[in-house]
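**Q** Take a look at this one; I'll ask things after.
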Amino acid sequence: MLRKSTNCLMRWPTFCLFIILSASLQGCLPGAPKTVVNNTAPTKDDNLALGNPSQAGSSNPDNYLITRPAYSLSYNRKRAIANWVSWHMSAAWKGDVKRGNDFRPDPDLPAGWYAVKTSDYTNSGFDRGHLCPSDDRDGSPADNSATFLMTNIVPEAPRHNREVWKSLEDYSRQLVSAGNELYIIAGTDGTGGTGEGGQTSRIADGKITVPATLWKIIVVLPVGSNDISRLSTNTRIIAVSIPNRQTAADKPWTAYLTSIKDIERMTGYDFLSEVPKDLQRVLEARIDANL
DNA sequence: CTGGTCAAC
DNA sequence: GTTGACCAG
């Protein structure tokens, strides 16, 4: 009953189309259309697609843009922590690369700047808290390793990091497993947190500021391309602002839901700046419904 | 690199 | 029980 493929092409075109798509044979068949169906496979997209919230660049040391394949961030030299980190998240970034734990100074800071090292956090009473999590970047060794550069790390109250912040990270990866992709921006604000040793403004002999607040904005999109055009008034927005205190973990992350507008008021940043103004207004006022 | 802890699932 | 993510030495 098996026919040669040329017969198949004439007699069972639908069947052959299936073969073409599933076995990636397009390149073997000259003349086959390049795009037969919409591409719904998740991709790795621009980490800053929704905008650069603080207009970070190369001129201001306290708003210094660092761009990598894994994420983009604004670094604050005076505070020795990031103002924010922005990254795209989809199943395309996921894999089975083992967590590297290779915390190290960021070699991409300008010459002459102090580069935070992992031992600056030892015995500080604060965790080396990821902004862009290791587990969001386990698709390649290079991407995972990039999350351990100390510019992506902030002094985070241990219970904050391991409990309430982690549970939101886990939830966001569940959203990805369920068929969404995400744009995530996480950052810091204010000075002074409460770690294992009590209230602290700075660690490492004053070199590193302990942020008072960690905030995060998650834009939830269906898997696809043309990112900006996929935002609508129905787009789900998850925004939280969580004090950097051990006791913050006494409540679930849903207790800290807020609006993007509130985070803009707190930080002075402008989020979703690539999105049309009218749509920004709607989405930035939104507070996610409690789950 | 190893062993230990803690919380969540 | 296992896993993930810290810590210290």
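Residues in the structure tokens are named by chain (A, B, ... in the order shown) and by number from 1 within that chain; ligands are numbered from 1 in the order shown.
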Once you count only C-alpha atoms (C1' of nucleotides), which residues of chain C turn out to be within 9 Å of chain A? Could you give them as a list in words?
**A**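 Close to chain A, chain C has DA5, DC6, DC7 and DA8 of chain C.
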**Q** What would the file look like if the residues just selected were written as a short mmCIF file (atom, residue, chain, number, x, y, z; two decimals), in the first residue's frame with N, CA and C atoms (P, O5', C5', C4', C3', O3' and C1' of nucleotides)?
**A**
```cif
data_model
loop_
_atom_site.label_atom_id
_atom_site.label_comp_id
_atom_site.auth_asym_id
_atom_site.auth_seq_id
_atom_site.Cartn_x
_atom_site.Cartn_y
_atom_site.Cartn_z
P DA C 5 15.72 26.71 41.81
"O5'" DA C 5 16.40 27.30 43.12
"C5'" DA C 5 15.59 27.96 44.06
"C4'" DA C 5 16.42 28.29 45.27
"C3'" DA C 5 17.80 28.88 44.92
"O3'" DA C 5 17.99 30.05 45.67
"C1'" DA C 5 17.99 27.14 46.48
P DC C 6 19.03 31.14 45.17
"O5'" DC C 6 19.53 31.74 46.55
"C5'" DC C 6 20.72 31.27 47.15
"C4'" DC C 6 20.43 30.86 48.58
"C3'" DC C 6 21.67 30.82 49.44
"O3'" DC C 6 21.87 32.10 50.00
"C1'" DC C 6 20.41 28.84 49.75
P DC C 7 23.32 32.65 50.22
"O5'" DC C 7 23.83 31.80 51.47
"C5'" DC C 7 23.16 31.91 52.71
"C4'" DC C 7 23.73 30.88 53.66
"C3'" DC C 7 25.25 30.92 53.74
"O3'" DC C 7 25.65 31.77 54.79
"C1'" DC C 7 24.45 28.68 53.51
P DA C 8 27.11 32.31 54.84
"O5'" DA C 8 27.93 31.05 55.43
"C5'" DA C 8 27.49 30.43 56.64
"C4'" DA C 8 28.31 29.19 56.90
"C3'" DA C 8 29.82 29.44 56.93
"O3'" DA C 8 30.36 28.91 58.11
"C1'" DA C 8 29.28 27.73 55.33
#
```
**Q** Show me, as a compact mmCIF listing (two decimals) with C-alpha atoms (C1' of nucleotides), in the first residue's frame, the residues of chain B whose atoms get within 10 Å of chain A, using only C-alpha atoms (C1' of nucleotides) for the distance check.
**A**
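Output contents, as saved in selection_22.txt:
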```txt
# COMPACT_ATOMS: atom_id res chain seq x y z
C1' DC B 6 14.78 24.92 55.13
C1' DA B 7 10.36 25.12 52.74
C1' DA B 8 7.28 23.54 49.20
```
**Q** Using only C-alpha atoms (C1' of nucleotides), which protein or nucleic acid residues come within 12 Å of DC9 (chain B)? Drop anything in the same chain fewer than 2 positions from it, and give the result as a list in words.
**A**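 That gives Ser167 and Asp170 of chain A; DA7 of chain B; DG1, DT2, DT3 and DG4 of chain C.
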**Q** Store the residues picked out above, limited to C-alpha atoms (C1' of nucleotides), as a compact mmCIF listing (two decimals), in the first residue's frame.
**A**
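The resulting out-v2.txt:
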```
# COMPACT_ATOMS: atom_id res chain seq x y z
CA SER A 167 6.55 31.17 44.74
CA ASP A 170 7.31 29.18 40.22
C1' DA B 7 10.36 25.12 52.74
C1' DG C 1 10.70 11.48 49.96
C1' DT C 2 12.33 14.60 46.52
C1' DT C 3 13.66 18.91 44.71
C1' DG C 4 15.26 23.60 44.57
```
**Q** For the strand (DSSP E) assignment from backbone DSSP, which residues of region 25-261 of chain A qualify? Please present them as a PyMOL selection string.
**A** chain A and resi 64-67+72-76+81-89+127-130+153-156+180-189+193-195+198-200+202-203+208-209+213-222+236-243+257-258
**Q** Go ahead and compute the interatomic distance for CA of Asp136 (chain A) and CA of Trp93 (chain A), in Å to one decimal.
**A**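 That distance, rounded to one decimal, is 6.9 Å.
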**Q** From a backbone DSSP assignment, name each residue in region 91-121 of chain A labelled helix (DSSP H, G or I), as a list in words.
**A**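 Answer for region 91-121 of chain A restricted to helix (DSSP H, G or I) is Ala91, Ala92, Trp93, Thr118, Ser119, Asp120 and Tyr121 of chain A.
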**Q** Could you jot down the CA of Ile260 (chain A) to CA of Ala49 (chain A) separation for me, Å, one decimal place?
**A**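 These two atoms are separated by 16.6 Å.
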**Q** Do a neighbour search on Gln55 (chain A) at 9 Å with only C-alpha atoms (C1' of nucleotides), toss out local chain neighbours closer than 5 positions, and write the hits as JSON, numbers by chain.
**A** {"A": [63, 65, 74, 269, 270]}
**Q** Write the selection just made, keeping N, CA and C atoms, as a PDB file, in the first residue's frame?
**A**
```
ATOM      1  N   ASN A  63      22.427  54.495  35.991  1.00  0.00           N
ATOM      2  CA  ASN A  63      21.345  53.995  35.119  1.00  0.00           C
ATOM      3  C   ASN A  63      21.999  53.424  33.871  1.00  0.00           C
ATOM      4  N   LEU A  65      23.057  50.744  31.165  1.00  0.00           N
ATOM      5  CA  LEU A  65      22.434  49.611  30.462  1.00  0.00           C
ATOM      6  C   LEU A  65      23.440  48.505  30.153  1.00  0.00           C
ATOM      7  N   SER A  74      19.418  47.549  34.001  1.00  0.00           N
ATOM      8  CA  SER A  74      19.948  48.871  34.334  1.00  0.00           C
ATOM      9  C   SER A  74      20.674  48.742  35.658  1.00  0.00           C
ATOM     10  N   TYR A 269       9.845  55.283  36.986  1.00  0.00           N
ATOM     11  CA  TYR A 269      10.067  54.703  35.662  1.00  0.00           C
ATOM     12  C   TYR A 269       8.795  54.749  34.823  1.00  0.00           C
ATOM     13  N   ASP A 270       8.994  54.505  33.526  1.00  0.00           N
ATOM     14  CA  ASP A 270       7.877  54.471  32.584  1.00  0.00           C
ATOM     15  C   ASP A 270       7.851  53.098  31.921  1.00  0.00           C
TER      16      ASP A 270
END
```
